[in-house]
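Structure, as structure tokens:
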Amino acid sequence: MLKRNLWKLILSLAVVLWASVSLFPIQDREFPVYVRDQAEARSEEFGKLLDEAKARYDAKQAPSVFVGLRDIANERKIDLATLYFPQIPLESSLRNTTKRNNLLLDHLLKKSKGHLQLGLDLRGGVAFTLEVDEKAAAQVGERERTEKLGKAIEIIGDRINGLGVAEPIVRPVGANRIEVQLAGVNTRDNPEVLDAVKKPARLDFRLVYPNARPGQADADVPPLYEVKTIEREGSKGETITDELYVKRTAEMTGDGVDSAFPTVDEFGRYRINLRFSSAGSKQFAAVTAEVARQTQELRSRGGDPRASAQLAILLDGKVYSAPGVQEEIAGGSAVITGQFTRREAEELANVLNNPLDLPLLVREQYEVGPSLAQDAIDSGVRAAVIGTALVAAFMVTYYTIGGGIALIALGFNVLIVFATMASLGATLTLPGLAGIVLTLGMAVDANILIFERMRDELALGKSLPSAHTAGYDRAFTTILDAHVTQLAICAVMIGLGTGPIKGFGVTLAIGVFSTLFSVLVVGHLILDWLIAGGVVKKLAMMPPIRIGAVDFVKLGKPAFIVSWAIVLASAVLVFVKGDKIYGIDFLGGDIATLTFEKRLDPSEIQKIAVSQGITETTPTYVSPIGGGTETLRIETPFDQSAILVKALKSAHPEAGLTQIGENRIGPSIGGEVKKNALISLALSMVIILLYVALRFEWGFGVGAVVASIHDILMTIGIFVLFGHQFSAPMVAAILAIAGYSINDTVVVFDRIREEMKNNPTGNLRDIINLSLRRVFSRSILTSVTVLLTAIALFVAGTGVMRDLAFTFIIGIITGAFSSVFIASPVFYWWHKGDRGKVDADDKRKVYDWEVQTKASR
């Protein structure tokens, strides 16, 4: 037994070790305390430097101890890594003291932070407002400026949220500003974060004047050229500055660049590789051919075979490199070299892949408090705990020892999900926590499938070890098919989606892989060990949920008609309501800024808002970075802020509220995100159809797609019918419903396929009814586990968490309904009730008339 399961044991232990390293520490540590502990050499001397940095911070000569320490080290040319942190290896090729210090301190700051950051709703963060440079904006029309501002919002979102899991807020404010809110970032310690966000990343390839250099005798600036500087590293690591005559206009811009990515040369130095588009390759070949011609002229005129004309590569007006060119370069790629650290190379490649059309200026920087009140956070966490506890209690009650093993596997699942999120730099929000809890409710489905299959094998008189092996083998294909279809949906969301759509795809994919590992490896390992070791001699379970001889196929037609009538009515309601179904995330709204004499609890503000009929309100307290008056900002739907401010003043005159400003904010979910969400859903349906058709048969594929579309439309319709509005988390919830629906449907179809093989003489109607009766217990049990978590979140949660739970309650019920009364009947109707038309894996097709003839004999 040990030999058979050794690889599972080693793999499980390795995953636990990796997850622990990735997830812990969870909480942030104070940077001065952490960095003092990490100094392994000359600790007393380093302590004095740290005290001096703290003194600068206390005297307001530095915004933080981090910046104070960095400034001291760079001013005095102290190599911190060599003197105090020899255990931390830096890039061997990097000798510049300033860059080494910056790299080291950035590393230490990152290590001092908890690995899983809390979101803006739970902890707050930092925010800044970017304004379009008016000089640049004046050169384009109003319409073009609006388009470029919208494009800038998408680009900034891509820069700071490449995987879609960082949960930032990026939205327009007024006509020419963009507000960015980031969780887990502190501009006092990391002011460079603004540069990475607002950098235009204009890439130019310009000619260098070949016949003279600045500083030469009688050398005037040539016409059409200007003096530019370029930095290089000297033999001792010092920075040397050279001057060049660089042409004012570019021969080529970054428009021809298809992609950029950092690489390392043979000496360990970082550089940025550029790949050109087809048109860009031709343009770059023409530019380098011109520089090569200048090189030949230089050599023929001066006689120096090493002479070379140069091509300057500039980013935002700064020369990063000016390589010599000896011949035309037609390979479709180029390299930017320079004194790059790894972080600089990665950030530069990132901005080159997402260049801005308009330069942006920082107008405001401020810290924002959590958007949820503490009691709302407490109730949300409490709801998550209750939901998890209910699932645990249900599994242990129903499956006893098996349920306990399922909970251990579930613990592995949770650990892997959180560790992977931490590794990806994800931000945990309250809706995100609710989504994870609901995902865990669905994750026990794989365990239920295995246990129910084992029940079937035990009913046939098999021993427990044999039942375990056979039950696992029979459930394996079903589990794999169900999860592969979900992974296909994830791939579409990650490939086509942006922002929260892409983020949800990443998170769902993590959940799928962690579920497969925790159930098929960890759970199977434990149960196999207990059974083979004689610890468990009997797998006690509560009796299965039985249902009589119900003709599901007969009930399919009236159920189909009634169900789709509800969908149609809901669609009409959605059309009639129009934009009223969307919240601030989709439409935008108003922000009222107020000063106050006494703080009001955010939950109290939201209660008063609800009393005034304002359903969506987000109050946050804002503190300017560098000192200043703390203010209260309240987000409301359009034209509602004045009503709320008046009500707040009336209810709490002691707060001394005074409105000092109001701004209109645009949507944080732009049109591009909505379009990508719809495209992702449509393509997901196509992939489901193809996969199920190839894995099963075309009729199964059609049934799966019809059921999925039904569940999505039904969920949206009922959600709107009860007066809810769509926000960013609701998009993720709808996509989750699609994943849940196909999972349920595939399980049913897998059983139908199996019964068709086991009953070669049965007609199609009887086989479908038999299959549905046999999976009925599993469908109910799975629905119950997810419903328990959803109901707990709905009852004990608040705000968005309740909306999320409500969406799942609808989706779970419709998903279970559709797999029985939509997907299966559609499969039956597709083949007109004739088994012979089903392209099954049988060696010989059996037609219903043959079945009837055999029966009559």
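Order determines the names: the first chain of the structure tokens is A, the second B, and so forth; residues in each chain are numbered 1 upward, and ligands are numbered 1 upward as they are shown.
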_Neighbour list for Phe85 in chain A as JSON, numbers by chain, cut-off 10 Å, only C-alpha atoms, skip fewer than 2 positions in-chain_ = {"A": [35, 38, 39, 40, 41, 42, 43, 46, 79, 80, 81, 82, 83, 87, 88, 89, 104]}
*asked:* Give me, as a PyMOL selection string, all polymer residues having an atom no more than 8 Å from Leu573 in chain A, counting only C-alpha atoms and skipping those fewer than 6 positions away in the same chain.
replied: chain A and resi 717+720-721
For range 338-351 of chain A, work out the shell of residues within 10 Å, counting only C-alpha atoms and skipping chain neighbours fewer than 3 positions away, then give it as an mmCIF file with N, CA, C and O atoms, in the first residue's frame.
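Done, and the output landed in out30.cif:
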```cif
data_model
loop_
_atom_site.group_PDB
_atom_site.id
_atom_site.type_symbol
_atom_site.label_atom_id
_atom_site.label_comp_id
_atom_site.auth_asym_id
_atom_site.auth_seq_id
_atom_site.Cartn_x
_atom_site.Cartn_y
_atom_site.Cartn_z
ATOM 1 N N LEU A 90 22.176 39.824 -4.726
ATOM 2 C CA LEU A 90 21.678 40.747 -5.737
ATOM 3 C C LEU A 90 22.259 40.364 -7.095
ATOM 4 O O LEU A 90 23.122 39.493 -7.187
ATOM 5 N N GLU A 91 21.778 41.016 -8.134
ATOM 6 C CA GLU A 91 22.258 40.711 -9.480
ATOM 7 C C GLU A 91 23.770 40.934 -9.555
ATOM 8 O O GLU A 91 24.267 42.014 -9.215
ATOM 9 N N SER A 93 25.777 41.409 -11.941
ATOM 10 C CA SER A 93 26.272 42.422 -12.872
ATOM 11 C C SER A 93 25.990 43.845 -12.408
ATOM 12 O O SER A 93 26.493 44.798 -12.994
ATOM 13 N N LEU A 94 25.196 43.988 -11.345
ATOM 14 C CA LEU A 94 24.790 45.319 -10.891
ATOM 15 C C LEU A 94 25.799 45.856 -9.880
ATOM 16 O O LEU A 94 25.944 45.310 -8.784
ATOM 17 N N ARG A 95 26.513 46.937 -10.252
ATOM 18 C CA ARG A 95 27.528 47.507 -9.366
ATOM 19 C C ARG A 95 27.198 48.920 -8.913
ATOM 20 O O ARG A 95 27.835 49.447 -8.019
ATOM 21 N N ASN A 96 26.196 49.534 -9.532
ATOM 22 C CA ASN A 96 25.803 50.889 -9.147
ATOM 23 C C ASN A 96 25.187 50.868 -7.752
ATOM 24 O O ASN A 96 24.192 50.178 -7.499
ATOM 25 N N LYS A 99 21.394 51.858 -7.321
ATOM 26 C CA LYS A 99 20.464 50.853 -7.809
ATOM 27 C C LYS A 99 20.479 49.608 -6.930
ATOM 28 O O LYS A 99 19.440 48.969 -6.717
ATOM 29 N N ARG A 100 21.636 49.258 -6.403
ATOM 30 C CA ARG A 100 21.711 48.108 -5.498
ATOM 31 C C ARG A 100 20.896 48.372 -4.227
ATOM 32 O O ARG A 100 20.163 47.505 -3.745
ATOM 33 N N ASN A 102 18.356 50.496 -3.890
ATOM 34 C CA ASN A 102 16.931 50.519 -4.229
ATOM 35 C C ASN A 102 16.380 49.109 -4.387
ATOM 36 O O ASN A 102 15.283 48.794 -3.915
ATOM 37 N N LEU A 103 17.169 48.262 -5.041
ATOM 38 C CA LEU A 103 16.745 46.886 -5.247
ATOM 39 C C LEU A 103 16.623 46.133 -3.919
ATOM 40 O O LEU A 103 15.649 45.416 -3.668
ATOM 41 N N ASP A 106 13.627 47.550 -1.775
ATOM 42 C CA ASP A 106 12.351 47.110 -2.348
ATOM 43 C C ASP A 106 12.072 45.652 -1.987
ATOM 44 O O ASP A 106 10.931 45.275 -1.681
ATOM 45 N N ILE A 155 -5.763 50.911 -20.152
ATOM 46 C CA ILE A 155 -4.323 50.631 -20.133
ATOM 47 C C ILE A 155 -3.787 50.618 -18.703
ATOM 48 O O ILE A 155 -3.012 49.739 -18.320
ATOM 49 N N ILE A 156 -4.211 51.594 -17.894
ATOM 50 C CA ILE A 156 -3.765 51.640 -16.496
ATOM 51 C C ILE A 156 -4.239 50.393 -15.767
ATOM 52 O O ILE A 156 -3.505 49.794 -14.966
ATOM 53 N N ASP A 158 -4.713 47.466 -17.078
ATOM 54 C CA ASP A 158 -3.859 46.356 -17.513
ATOM 55 C C ASP A 158 -2.490 46.410 -16.850
ATOM 56 O O ASP A 158 -1.900 45.376 -16.517
ATOM 57 N N ARG A 159 -1.949 47.613 -16.647
ATOM 58 C CA ARG A 159 -0.623 47.740 -16.041
ATOM 59 C C ARG A 159 -0.598 47.260 -14.595
ATOM 60 O O ARG A 159 0.352 46.604 -14.165
ATOM 61 N N ILE A 160 -1.627 47.616 -13.855
ATOM 62 C CA ILE A 160 -1.596 47.303 -12.424
ATOM 63 C C ILE A 160 -2.377 46.044 -12.078
ATOM 64 O O ILE A 160 -2.339 45.588 -10.944
ATOM 65 N N GLY A 162 -2.649 42.935 -14.276
ATOM 66 C CA GLY A 162 -2.460 42.077 -15.429
ATOM 67 C C GLY A 162 -3.252 40.786 -15.373
ATOM 68 O O GLY A 162 -3.818 40.339 -16.361
ATOM 69 N N ASP A 195 4.873 56.346 -10.892
ATOM 70 C CA ASP A 195 5.599 56.442 -12.156
ATOM 71 C C ASP A 195 5.230 55.296 -13.083
ATOM 72 O O ASP A 195 5.067 55.473 -14.286
ATOM 73 N N ALA A 196 5.126 54.110 -12.513
ATOM 74 C CA ALA A 196 4.806 52.940 -13.328
ATOM 75 C C ALA A 196 3.400 53.043 -13.916
ATOM 76 O O ALA A 196 3.135 52.519 -14.992
ATOM 77 N N VAL A 197 2.496 53.730 -13.195
ATOM 78 C CA VAL A 197 1.113 53.838 -13.651
ATOM 79 C C VAL A 197 0.948 54.937 -14.693
ATOM 80 O O VAL A 197 0.292 54.752 -15.720
ATOM 81 N N LYS A 198 1.551 56.095 -14.470
ATOM 82 C CA LYS A 198 1.281 57.262 -15.311
ATOM 83 C C LYS A 198 2.261 57.437 -16.466
ATOM 84 O O LYS A 198 2.077 58.291 -17.315
ATOM 85 N N LYS A 199 3.330 56.628 -16.518
ATOM 86 C CA LYS A 199 4.333 56.781 -17.574
ATOM 87 C C LYS A 199 3.688 56.546 -18.941
ATOM 88 O O LYS A 199 3.091 55.499 -19.182
ATOM 89 N N PRO A 200 3.824 57.502 -19.897
ATOM 90 C CA PRO A 200 3.198 57.317 -21.207
ATOM 91 C C PRO A 200 3.787 56.152 -21.992
ATOM 92 O O PRO A 200 3.100 55.489 -22.749
ATOM 93 N N ALA A 201 5.102 55.915 -21.836
ATOM 94 C CA ALA A 201 5.784 54.836 -22.562
ATOM 95 C C ALA A 201 5.780 55.090 -24.057
ATOM 96 O O ALA A 201 5.455 54.211 -24.862
ATOM 97 N N ARG A 202 6.154 56.319 -24.454
ATOM 98 C CA ARG A 202 6.311 56.623 -25.877
ATOM 99 C C ARG A 202 7.702 56.165 -26.310
ATOM 100 O O ARG A 202 8.722 56.653 -25.823
ATOM 101 N N ILE A 230 23.000 60.114 -22.295
ATOM 102 C CA ILE A 230 22.822 58.684 -22.095
ATOM 103 C C ILE A 230 23.738 58.250 -20.966
ATOM 104 O O ILE A 230 24.894 58.676 -20.897
ATOM 105 N N GLU A 231 23.212 57.432 -20.058
ATOM 106 C CA GLU A 231 23.986 56.985 -18.904
ATOM 107 C C GLU A 231 24.548 55.585 -19.139
ATOM 108 O O GLU A 231 23.896 54.748 -19.758
ATOM 109 N N ARG A 232 25.758 55.368 -18.638
ATOM 110 C CA ARG A 232 26.350 54.037 -18.667
ATOM 111 C C ARG A 232 27.115 53.827 -17.371
ATOM 112 O O ARG A 232 27.447 54.784 -16.667
ATOM 113 N N GLU A 233 27.377 52.580 -17.073
ATOM 114 C CA GLU A 233 28.039 52.233 -15.821
ATOM 115 C C GLU A 233 29.545 52.128 -16.029
ATOM 116 O O GLU A 233 30.004 51.450 -16.954
ATOM 117 N N THR A 239 28.083 55.970 -12.241
ATOM 118 C CA THR A 239 27.284 56.339 -13.408
ATOM 119 C C THR A 239 28.019 57.393 -14.218
ATOM 120 O O THR A 239 28.406 58.447 -13.697
ATOM 121 N N SER A 259 5.162 43.255 -29.137
ATOM 122 C CA SER A 259 5.283 42.842 -27.736
ATOM 123 C C SER A 259 6.674 43.173 -27.223
ATOM 124 O O SER A 259 7.620 43.348 -28.002
ATOM 125 N N ALA A 260 6.789 43.288 -25.895
ATOM 126 C CA ALA A 260 8.066 43.550 -25.239
ATOM 127 C C ALA A 260 8.178 42.651 -24.023
ATOM 128 O O ALA A 260 7.185 42.423 -23.322
ATOM 129 N N PHE A 261 9.378 42.138 -23.760
ATOM 130 C CA PHE A 261 9.565 41.265 -22.603
ATOM 131 C C PHE A 261 11.022 41.331 -22.151
ATOM 132 O O PHE A 261 11.934 41.521 -22.966
ATOM 133 N N PRO A 262 11.261 41.215 -20.827
ATOM 134 C CA PRO A 262 12.633 41.300 -20.311
ATOM 135 C C PRO A 262 13.384 39.984 -20.498
ATOM 136 O O PRO A 262 12.798 38.911 -20.390
ATOM 137 N N THR A 263 14.666 40.085 -20.772
ATOM 138 C CA THR A 263 15.532 38.907 -20.861
ATOM 139 C C THR A 263 16.868 39.254 -20.200
ATOM 140 O O THR A 263 17.112 40.401 -19.807
ATOM 141 N N VAL A 264 17.746 38.251 -20.101
ATOM 142 C CA VAL A 264 19.068 38.428 -19.500
ATOM 143 C C VAL A 264 20.119 38.071 -20.544
ATOM 144 O O VAL A 264 19.994 37.041 -21.233
ATOM 145 N N ARG A 269 23.040 40.685 -17.400
ATOM 146 C CA ARG A 269 22.447 42.025 -17.378
ATOM 147 C C ARG A 269 21.061 41.985 -18.011
ATOM 148 O O ARG A 269 20.853 41.311 -19.022
ATOM 149 N N TYR A 270 20.143 42.723 -17.409
ATOM 150 C CA TYR A 270 18.774 42.727 -17.911
ATOM 151 C C TYR A 270 18.628 43.675 -19.095
ATOM 152 O O TYR A 270 19.258 44.731 -19.149
ATOM 153 N N ARG A 271 17.798 43.277 -20.024
ATOM 154 C CA ARG A 271 17.501 44.079 -21.205
ATOM 155 C C ARG A 271 16.062 43.803 -21.623
ATOM 156 O O ARG A 271 15.427 42.880 -21.096
ATOM 157 N N ILE A 272 15.550 44.595 -22.573
ATOM 158 C CA ILE A 272 14.168 44.431 -23.018
ATOM 159 C C ILE A 272 14.184 44.052 -24.488
ATOM 160 O O ILE A 272 14.737 44.775 -25.326
ATOM 161 N N ASN A 273 13.621 42.906 -24.790
ATOM 162 C CA ASN A 273 13.491 42.461 -26.178
ATOM 163 C C ASN A 273 12.195 42.994 -26.775
ATOM 164 O O ASN A 273 11.148 42.948 -26.126
ATOM 165 N N LEU A 274 12.268 43.476 -28.002
ATOM 166 C CA LEU A 274 11.100 43.989 -28.714
ATOM 167 C C LEU A 274 10.803 43.092 -29.905
ATOM 168 O O LEU A 274 11.714 42.718 -30.652
ATOM 169 N N LEU A 315 12.753 56.319 -24.625
ATOM 170 C CA LEU A 315 11.467 56.073 -23.984
ATOM 171 C C LEU A 315 11.080 57.318 -23.215
ATOM 172 O O LEU A 315 11.808 57.756 -22.318
ATOM 173 N N VAL A 319 17.106 58.790 -23.569
ATOM 174 C CA VAL A 319 17.865 57.809 -24.335
ATOM 175 C C VAL A 319 18.276 56.659 -23.414
ATOM 176 O O VAL A 319 18.998 56.862 -22.436
ATOM 177 N N TYR A 320 17.830 55.461 -23.723
ATOM 178 C CA TYR A 320 18.201 54.293 -22.936
ATOM 179 C C TYR A 320 19.380 53.544 -23.546
ATOM 180 O O TYR A 320 20.199 52.979 -22.843
ATOM 181 N N SER A 321 19.439 53.514 -24.838
ATOM 182 C CA SER A 321 20.575 52.877 -25.498
ATOM 183 C C SER A 321 20.736 53.478 -26.886
ATOM 184 O O SER A 321 19.772 54.012 -27.464
ATOM 185 N N ALA A 322 21.961 53.385 -27.428
ATOM 186 C CA ALA A 322 22.260 53.899 -28.760
ATOM 187 C C ALA A 322 23.231 52.937 -29.436
ATOM 188 O O ALA A 322 24.422 53.208 -29.580
ATOM 189 N N VAL A 335 16.588 45.074 -29.388
ATOM 190 C CA VAL A 335 16.893 44.960 -27.963
ATOM 191 C C VAL A 335 17.186 46.342 -27.404
ATOM 192 O O VAL A 335 17.908 47.138 -28.025
ATOM 193 N N ASN A 354 1.717 48.343 -22.873
ATOM 194 C CA ASN A 354 0.473 49.102 -22.608
ATOM 195 C C ASN A 354 0.775 50.601 -22.658
ATOM 196 O O ASN A 354 0.675 51.296 -21.651
ATOM 197 N N PRO A 355 1.150 51.131 -23.831
ATOM 198 C CA PRO A 355 1.528 52.552 -23.899
ATOM 199 C C PRO A 355 0.323 53.485 -23.835
ATOM 200 O O PRO A 355 -0.753 53.171 -24.350
ATOM 201 N N LEU A 356 0.503 54.628 -23.177
ATOM 202 C CA LEU A 356 -0.544 55.643 -23.074
ATOM 203 C C LEU A 356 -0.420 56.642 -24.225
ATOM 204 O O LEU A 356 0.681 56.988 -24.645
#
```
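Using only C-alpha atoms, the shortest contact distance between Met454 in chain A and any of A:Ala569, A:Ala384, A:Lys538, A:Val820 is found at A:Lys538.
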Mind checking DSSP for range 510-622 of chain A and telling me the alpha helix (DSSP H) residues as an mmCIF file with C-alpha atoms, in the first residue's frame?
```cif
data_model
loop_
_atom_site.group_PDB
_atom_site.id
_atom_site.type_symbol
_atom_site.label_atom_id
_atom_site.label_comp_id
_atom_site.auth_asym_id
_atom_site.auth_seq_id
_atom_site.Cartn_x
_atom_site.Cartn_y
_atom_site.Cartn_z
ATOM 1 C CA ILE A 510 -7.300 27.801 -9.262
ATOM 2 C CA GLY A 511 -10.394 26.345 -7.616
ATOM 3 C CA VAL A 512 -10.760 23.658 -10.283
ATOM 4 C CA PHE A 513 -7.157 22.462 -10.003
ATOM 5 C CA SER A 514 -7.159 22.592 -6.204
ATOM 6 C CA THR A 515 -10.406 20.594 -6.082
ATOM 7 C CA LEU A 516 -9.029 17.928 -8.417
ATOM 8 C CA PHE A 517 -5.850 17.640 -6.349
ATOM 9 C CA HIS A 524 -8.223 9.178 -2.151
ATOM 10 C CA LEU A 525 -4.882 8.684 -0.347
ATOM 11 C CA ILE A 526 -6.419 9.020 3.138
ATOM 12 C CA LEU A 527 -9.432 6.798 2.460
ATOM 13 C CA ASP A 528 -7.269 4.155 0.774
ATOM 14 C CA TRP A 529 -4.899 4.158 3.755
ATOM 15 C CA LEU A 530 -7.709 3.822 6.283
ATOM 16 C CA ILE A 531 -9.453 1.007 4.398
ATOM 17 C CA ALA A 532 -6.293 -0.943 3.489
ATOM 18 C CA PHE A 552 -38.892 12.892 -16.140
ATOM 19 C CA VAL A 553 -39.040 12.883 -19.935
ATOM 20 C CA LYS A 554 -42.834 13.264 -19.852
ATOM 21 C CA LEU A 555 -42.566 16.127 -17.365
ATOM 22 C CA GLY A 556 -39.854 17.725 -19.474
ATOM 23 C CA LYS A 557 -42.185 19.398 -21.972
ATOM 24 C CA PRO A 558 -44.438 21.297 -19.499
ATOM 25 C CA ALA A 559 -41.397 22.118 -17.334
ATOM 26 C CA PHE A 560 -39.555 23.425 -20.405
ATOM 27 C CA ILE A 561 -42.486 25.606 -21.483
ATOM 28 C CA VAL A 562 -43.101 27.105 -18.030
ATOM 29 C CA SER A 563 -39.410 27.662 -17.387
ATOM 30 C CA TRP A 564 -38.730 29.410 -20.686
ATOM 31 C CA ALA A 565 -41.895 31.485 -20.247
ATOM 32 C CA ILE A 566 -40.384 32.795 -16.999
ATOM 33 C CA VAL A 567 -37.107 33.468 -18.836
ATOM 34 C CA LEU A 568 -38.975 35.367 -21.567
ATOM 35 C CA ALA A 569 -40.922 37.425 -19.016
ATOM 36 C CA SER A 570 -37.681 38.197 -17.193
ATOM 37 C CA ALA A 571 -36.037 39.278 -20.439
ATOM 38 C CA VAL A 572 -38.912 41.675 -21.086
ATOM 39 C CA LEU A 573 -38.493 43.078 -17.557
ATOM 40 C CA VAL A 574 -34.757 43.578 -18.096
ATOM 41 C CA PHE A 575 -35.486 45.382 -21.385
ATOM 42 C CA VAL A 576 -38.131 47.619 -19.763
ATOM 43 C CA LYS A 577 -35.871 48.577 -16.846
ATOM 44 C CA ILE A 584 -22.392 52.533 -9.947
ATOM 45 C CA ASP A 585 -19.764 50.069 -11.186
ATOM 46 C CA PHE A 586 -21.455 50.071 -14.608
ATOM 47 C CA LEU A 587 -22.979 53.549 -14.855
ATOM 48 C CA PRO A 602 -20.106 54.010 7.491
ATOM 49 C CA SER A 603 -22.904 51.589 8.406
ATOM 50 C CA GLU A 604 -24.938 54.486 9.858
ATOM 51 C CA ILE A 605 -24.459 56.444 6.616
ATOM 52 C CA GLN A 606 -25.656 53.463 4.593
ATOM 53 C CA LYS A 607 -28.735 53.008 6.828
ATOM 54 C CA ILE A 608 -29.750 56.629 6.299
ATOM 55 C CA ALA A 609 -29.147 56.225 2.544
ATOM 56 C CA VAL A 610 -31.486 53.229 2.429
ATOM 57 C CA SER A 611 -34.132 55.201 4.337
#
```
*Residues near Gln326 in chain A, cut-off 10 Å, only C-alpha atoms, skip fewer than 3 positions along chain, as a PyMOL selection string*: chain A and resi 288-289+291-296+306-310+323+329
